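Written below as structure tokens is the structure these notes are about.
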Amino acid sequence: MLLDATCADADVPRLGGKGAGLRALTRLASSTGAAVPDFFVVPADVFTACAAPLLDEARRAVQLARVRDRLGLERASASLIAQARQVPLPNGLSEELTARAATFAGGVGDNRAGAVAVRSSANVEDSASRSFAGQLSTEIGVAPDEVAQAVRRCWSSLFSPGCLTYVAEASLAVEAIAVAVVVQRLVRARAAGVAFSARPDGALDEAVIVACLGLGETVVQGRADVDTWVFQRGAASWQATIGDKRRRVVLDERGADRTEDVPVAERGLPVLDDDARARVLALVDAVAADRGRAVDVEWAFDQQGALHALQARPITTLPAGGAAFFDRANVVESFPGITGPLTFSQARESYQHVFRNTLRRLGVPHQTLLDEDAAFRSLIGYVQGRVYYNTASWVRVLRLIPGVEPYLKAWEQMIGVSSKAREHSRERTSGLLGTARTALYFLGHILWLDVEHRRFVRRFDRAHAAVMAADLAKLDAHALIELYRGMNASLLDGWEVTFLNDGVAFLFTALAKGQLAKVGAGPDVLPGLLAADGELESTRPLTALRALAAEVPSGMVEKLAAAVEGGPFPPRADDEGERTFLAHLEDWLRQYGDRRAEELKLESPTFREEPRPFVRLLLAARAHDVSALAARPGGRRAEAERAARAALSGHPLRRALTALSLVLARRSVRWREASRLRRTRGFGGIRHLFVELGRRLAADRVLPAADDVFFLETDEVLQAIKGCGAPDDLAELAASRRARLAAWASERPRERFATRGIVAAHPIPQRTPAPPTDDGELRGIGCASGVARGRALVVRDPRAAPDTAGLVLIAETTDPGWVFLLAPAAALVAEKGSLLSHTAIIGRELGVPTVVNVPNATERIPDGALVEVDGSSGTVRIIGEQQQTREVA
């Protein structure tokens, strides 16, 4: 009549939720290294037969719960419980329970008394949709001859007022609930607790372990003092909260539980050491992989140090289904903070179009590209108004390239994304012929990149010039659309050359890194060697700004300062010198007016449209020591070259391979920055057109205001003008999105998270508070060498930043428009970035010590604190308190 872990598959439903979970854990024991204490189960159908006479009364009690008749429910519950505790058991069951439980005497963890645990295992308990947590009873320390009555008490707990209310609120039919009962050998635990494969609040990329001294049942019941560890999967690091454990619950000689004081010397010690935590993490991850969803596992270490798995259940508050991985790394440089729908839709089309063309150039068959259309369309995600990489789609698309597998890890490191998406997806097999063909295509593009890049630049510059020269006020809305389509095509068709160039940069940087590592070169050598030969095109706006600052006439300074405060712009010119200067200023705005903070966000005004922030930068640049700033990069490149020569001495082949790799990597970096400047101009031209389209829609009362256009997607705007989209109230749609983005601006979703199932159906995990910096030192990736000290300036809005000369900038991320803030700064510390991110490249080019990938830097470094940044080792030290209180930029 009783069942255990050896039962047939057909009998698994009779085990109930906990029983089925224990059977599954038993089958995983050899791979998890966690034994499952012996158990047997009183099948659910025994309860069904014994409780049948109570069902009519139970249904009436549930109805009382539904109508909130508290007194009636309590009376009905008391009657049902009394009857359930007296129901007759099938012939021989009581004796079988006593005899079977007696076989558990002795054994696990010195359980001398032979007492057992009696736990509910209802068919709806620990299921995928219902946990029934705490509703049905568990008893520990039950003597063998008391098990039969404990089973009845377990059954009767279904009829408690709380459980009946749960049944009513969950719209369950009480007659469909069958309560199996698990009887299990107790573990005399030294330490125990619960492990979660994901945070119950929605963060699937973090695991949580809660541990106490003694029995783990008390963790669930909240009766014990605990330690809590959070494992951040992306960083492979632990964050600990060690409790003051004054009490623990243990088994006495009879097998009953009792609470005792913890010796003072043990209260502050961690319950688990590194090895024990790793074993518990491996256990919960193995169970989650077996179940295909997030789970929690109750575990215990006995007195001899053996790990036991006590039970496992799904975390019902978390989604199930296909996994998705979202990551802000790298993409946050282009789209920091809240991004409008118009920008996102333009970016989504750009990634889809360009990446498909990139794979086509690498020989991926046309039909394969069509088959994977959904992956191309989801390369970037839009979550709470922020742009993320959907790394699962990236990995799926990249794996279409034959022979790419060995380079995926290098790609992840170069752009700074987590490896989780790659680890959770299957490799595609690549034949030797396909890999060879891809290699030939790629080699051809390496050889012809110079020609293809110049051809793209010429085509783009012509299209951009045509848009900027057009008198938009004289064109109707349909003509503006055609101009947009031409501008968009010039940006997207051929842009795959820049992606191929990125591939070259990643490949040869990785090769140089590998060769230098093999000869023992320090981590600071490669960043210095990657500094480009000659000026990067993306820094030309800065060079031109410095030149312009040097020629500001003395009489113009006061006029420009007044313009910053709201005075007229351009200011009045009183002589020929001032008129010449204003002509040069206008020429700068014409050439470089699209380069500014958040420059790829279509909703962000350009310097041409709102020149006052530019004028503030111009006036600040007058006070900078340009010659000293210009001298910074060269010395550090020379130091890195001397270190590389010394390390490679005696290794002629490695020296030659490293030199070739660096030449090609620097060339690609130079082209990459040139293409980024054109991307900036392309988005500036697209904004120019949509500003005008917004005016037309507002003039025709389709939208209340011209800037509402930024809260629509590109297709919504074009279809409204063409009359080829589903009818919708665009004004109401824009207003709703504007309000939602404003609300989201105050939230702090995680920069990297995983989810399952329908993304929109589940909450997005928020960032956890930054851990304290005990020793005042933070670590990241050093990517622009040098050591600098200065006062910290925490920059949240670069458009409102003061003069940054001599300050250490602390930022979540930067974009190309930060070049004006970065040039006079002492150093830069960023939460995001990688060795080849724009932040790193510009930091090296300007000779500004730069450390990226420093978690929570904007929260852990106080504004105004004295900070030392080592761009070689990647360390950031807080060495002094805040000098003064000021408003954070």
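Residues in the structure tokens are numbered from 1 in each chain, the chains being A, B, ... in the order shown, and ligands are numbered from 1 in the order shown.
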
Residue contacts of Val557 of chain A (12 Å, only C-alpha atoms) excluding same-chain residues fewer than 2 positions away, as an MDAnalysis selection string: chainID A and resid 549:555 559:564 571:573 578 581:582 615:616 618:620 622

Output as a tab-separated table one row per residue of segment 273-342 of chain A within 8 Å of segment 26-39 of chain A: the closest atom pair and its distance in Å to one decimal place, counting only C-alpha atoms, sorted by chain and residue number ascending.
residue	atom	partner	partner_atom	distance
A:Ala282	CA	A:Thr32	CA	6.8
A:Leu283	CA	A:Thr32	CA	5.3
A:Ala286	CA	A:Thr32	CA	6.7
A:Val287	CA	A:Leu28	CA	7.8
A:Ala306	CA	A:Ala34	CA	7.6
A:Leu307	CA	A:Ala34	CA	5.0
A:His308	CA	A:Ala35	CA	4.7
A:Ala309	CA	A:Val36	CA	5.2
A:Leu310	CA	A:Val36	CA	6.2

If you run DSSP on this backbone, which residues of segment 260-411 of chain A come out as strand (DSSP E), and could you give them as number ranges by chain? A: 260-261, 295-302, 307-314, 323-327, 380-383, 386-390

Minimum-distance residue to Thr680 of chain A, chosen among A:Asp290, A:Glu777, A:Glu586, A:Asp815 (using only C-alpha atoms):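 Answer, going by the shortest atom-to-atom distance: A:Asp815.
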
Find the spatial neighbours of Gln591 of chain A, counting only C-alpha atoms, within a cut-off of 12 Å - ignore same-chain residues fewer than 2 positions away - and output them as a ChimeraX atom specification. /A:461,464-465,468,540-542,544-545,584-589,593-595,606-608,677-678,680-681,684

Restricted to N, CA and C atoms, what would the selected residues look like written as a PDB file, in the first residue's frame?
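Written file, part_22.pdb:
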ATOM      1  N   ASP A 461      28.323  60.275 -47.148  1.00  0.00           N
ATOM      2  CA  ASP A 461      28.525  61.726 -47.077  1.00  0.00           C
ATOM      3  C   ASP A 461      27.680  62.454 -48.113  1.00  0.00           C
ATOM      4  N   HIS A 464      24.012  62.405 -46.794  1.00  0.00           N
ATOM      5  CA  HIS A 464      23.870  63.274 -45.630  1.00  0.00           C
ATOM      6  C   HIS A 464      23.899  64.747 -46.043  1.00  0.00           C
ATOM      7  N   ALA A 465      24.807  65.079 -46.939  1.00  0.00           N
ATOM      8  CA  ALA A 465      24.896  66.471 -47.401  1.00  0.00           C
ATOM      9  C   ALA A 465      23.604  66.896 -48.083  1.00  0.00           C
ATOM     10  N   MET A 468      20.977  67.676 -45.356  1.00  0.00           N
ATOM     11  CA  MET A 468      21.247  68.894 -44.593  1.00  0.00           C
ATOM     12  C   MET A 468      21.138  70.142 -45.452  1.00  0.00           C
ATOM     13  N   ARG A 540      38.244  64.689 -33.739  1.00  0.00           N
ATOM     14  CA  ARG A 540      38.424  65.955 -34.478  1.00  0.00           C
ATOM     15  C   ARG A 540      37.500  67.059 -33.975  1.00  0.00           C
ATOM     16  N   PRO A 541      36.253  66.750 -33.579  1.00  0.00           N
ATOM     17  CA  PRO A 541      35.430  67.823 -33.009  1.00  0.00           C
ATOM     18  C   PRO A 541      36.083  68.464 -31.790  1.00  0.00           C
ATOM     19  N   LEU A 542      36.783  67.659 -30.967  1.00  0.00           N
ATOM     20  CA  LEU A 542      37.464  68.196 -29.803  1.00  0.00           C
ATOM     21  C   LEU A 542      38.634  69.081 -30.221  1.00  0.00           C
ATOM     22  N   ALA A 544      38.990  70.673 -33.000  1.00  0.00           N
ATOM     23  CA  ALA A 544      38.437  71.907 -33.567  1.00  0.00           C
ATOM     24  C   ALA A 544      37.877  72.817 -32.481  1.00  0.00           C
ATOM     25  N   LEU A 545      37.287  72.233 -31.435  1.00  0.00           N
ATOM     26  CA  LEU A 545      36.775  73.037 -30.317  1.00  0.00           C
ATOM     27  C   LEU A 545      37.908  73.764 -29.622  1.00  0.00           C
ATOM     28  N   HIS A 584      33.450  81.105 -37.860  1.00  0.00           N
ATOM     29  CA  HIS A 584      34.118  79.838 -37.522  1.00  0.00           C
ATOM     30  C   HIS A 584      33.266  79.000 -36.575  1.00  0.00           C
ATOM     31  N   LEU A 585      32.590  79.670 -35.629  1.00  0.00           N
ATOM     32  CA  LEU A 585      31.706  78.954 -34.710  1.00  0.00           C
ATOM     33  C   LEU A 585      30.563  78.297 -35.490  1.00  0.00           C
ATOM     34  N   GLU A 586      29.977  79.033 -36.422  1.00  0.00           N
ATOM     35  CA  GLU A 586      28.895  78.472 -37.242  1.00  0.00           C
ATOM     36  C   GLU A 586      29.400  77.294 -38.081  1.00  0.00           C
ATOM     37  N   ASP A 587      30.630  77.419 -38.566  1.00  0.00           N
ATOM     38  CA  ASP A 587      31.205  76.318 -39.351  1.00  0.00           C
ATOM     39  C   ASP A 587      31.401  75.077 -38.472  1.00  0.00           C
ATOM     40  N   TRP A 588      31.843  75.274 -37.195  1.00  0.00           N
ATOM     41  CA  TRP A 588      31.988  74.127 -36.283  1.00  0.00           C
ATOM     42  C   TRP A 588      30.637  73.444 -36.080  1.00  0.00           C
ATOM     43  N   LEU A 589      29.605  74.235 -35.842  1.00  0.00           N
ATOM     44  CA  LEU A 589      28.278  73.659 -35.613  1.00  0.00           C
ATOM     45  C   LEU A 589      27.780  72.920 -36.855  1.00  0.00           C
ATOM     46  N   GLY A 593      28.037  69.639 -35.219  1.00  0.00           N
ATOM     47  CA  GLY A 593      26.929  69.945 -34.313  1.00  0.00           C
ATOM     48  C   GLY A 593      26.128  68.745 -33.866  1.00  0.00           C
ATOM     49  N   ASP A 594      26.298  67.598 -34.537  1.00  0.00           N
ATOM     50  CA  ASP A 594      25.581  66.387 -34.102  1.00  0.00           C
ATOM     51  C   ASP A 594      26.312  65.670 -32.973  1.00  0.00           C
ATOM     52  N   ARG A 595      27.584  66.003 -32.744  1.00  0.00           N
ATOM     53  CA  ARG A 595      28.361  65.329 -31.690  1.00  0.00           C
ATOM     54  C   ARG A 595      28.050  65.977 -30.358  1.00  0.00           C
ATOM     55  N   THR A 606      20.352  68.619 -30.938  1.00  0.00           N
ATOM     56  CA  THR A 606      21.743  68.756 -31.358  1.00  0.00           C
ATOM     57  C   THR A 606      22.278  70.119 -30.925  1.00  0.00           C
ATOM     58  N   PHE A 607      23.598  70.276 -30.997  1.00  0.00           N
ATOM     59  CA  PHE A 607      24.194  71.574 -30.690  1.00  0.00           C
ATOM     60  C   PHE A 607      23.728  72.641 -31.677  1.00  0.00           C
ATOM     61  N   ARG A 608      23.397  72.233 -32.906  1.00  0.00           N
ATOM     62  CA  ARG A 608      22.900  73.227 -33.865  1.00  0.00           C
ATOM     63  C   ARG A 608      21.563  73.794 -33.407  1.00  0.00           C
ATOM     64  N   LEU A 677      31.415  58.410 -36.003  1.00  0.00           N
ATOM     65  CA  LEU A 677      31.106  59.816 -36.235  1.00  0.00           C
ATOM     66  C   LEU A 677      30.058  59.952 -37.336  1.00  0.00           C
ATOM     67  N   ARG A 678      30.149  59.112 -38.348  1.00  0.00           N
ATOM     68  CA  ARG A 678      29.139  59.164 -39.412  1.00  0.00           C
ATOM     69  C   ARG A 678      27.794  58.620 -38.945  1.00  0.00           C
ATOM     70  N   THR A 680      26.701  59.059 -36.006  1.00  0.00           N
ATOM     71  CA  THR A 680      26.168  60.211 -35.283  1.00  0.00           C
ATOM     72  C   THR A 680      25.532  61.198 -36.250  1.00  0.00           C
ATOM     73  N   ARG A 681      26.226  61.475 -37.350  1.00  0.00           N
ATOM     74  CA  ARG A 681      25.671  62.403 -38.338  1.00  0.00           C
ATOM     75  C   ARG A 681      24.418  61.839 -38.986  1.00  0.00           C
ATOM     76  N   GLY A 684      21.681  62.273 -36.632  1.00  0.00           N
ATOM     77  CA  GLY A 684      21.357  63.704 -36.608  1.00  0.00           C
ATOM     78  C   GLY A 684      20.527  64.114 -37.805  1.00  0.00           C
TER      79      GLY A 684
END

Hey, what's within 12 Å of Trp155 of chain A if we count only C-alpha atoms and toss same-chain stuff fewer than 5 positions away? As a PyMOL selection string, please? chain A and resi 42-44+46-51+54+80-87+89+118-122+135-138+148-150+160+163+177-182

Please return, as number ranges by chain, all residues of segment 171-354 of chain A that DSSP assigns to alpha helix (DSSP H) on the basis of the backbone. A: 217-221, 274-291, 331-334, 341-354

I'd like the neighbourhood of Val284 of chain A as a list in words, where a residue qualifies if any of its atoms comes within 7 Å (using only C-alpha atoms), though same-chain residues fewer than 2 positions away should be ignored. Ala195, Phe196, Ser197, Val280, Leu281, Ala282, Ala286, Val287, Ala288, Asp296 and Val297 of chain A

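If you look at atom CA of Ala276 of chain A and atom CA of Asp261 of chain A, they are 23.5 Å away from each other.
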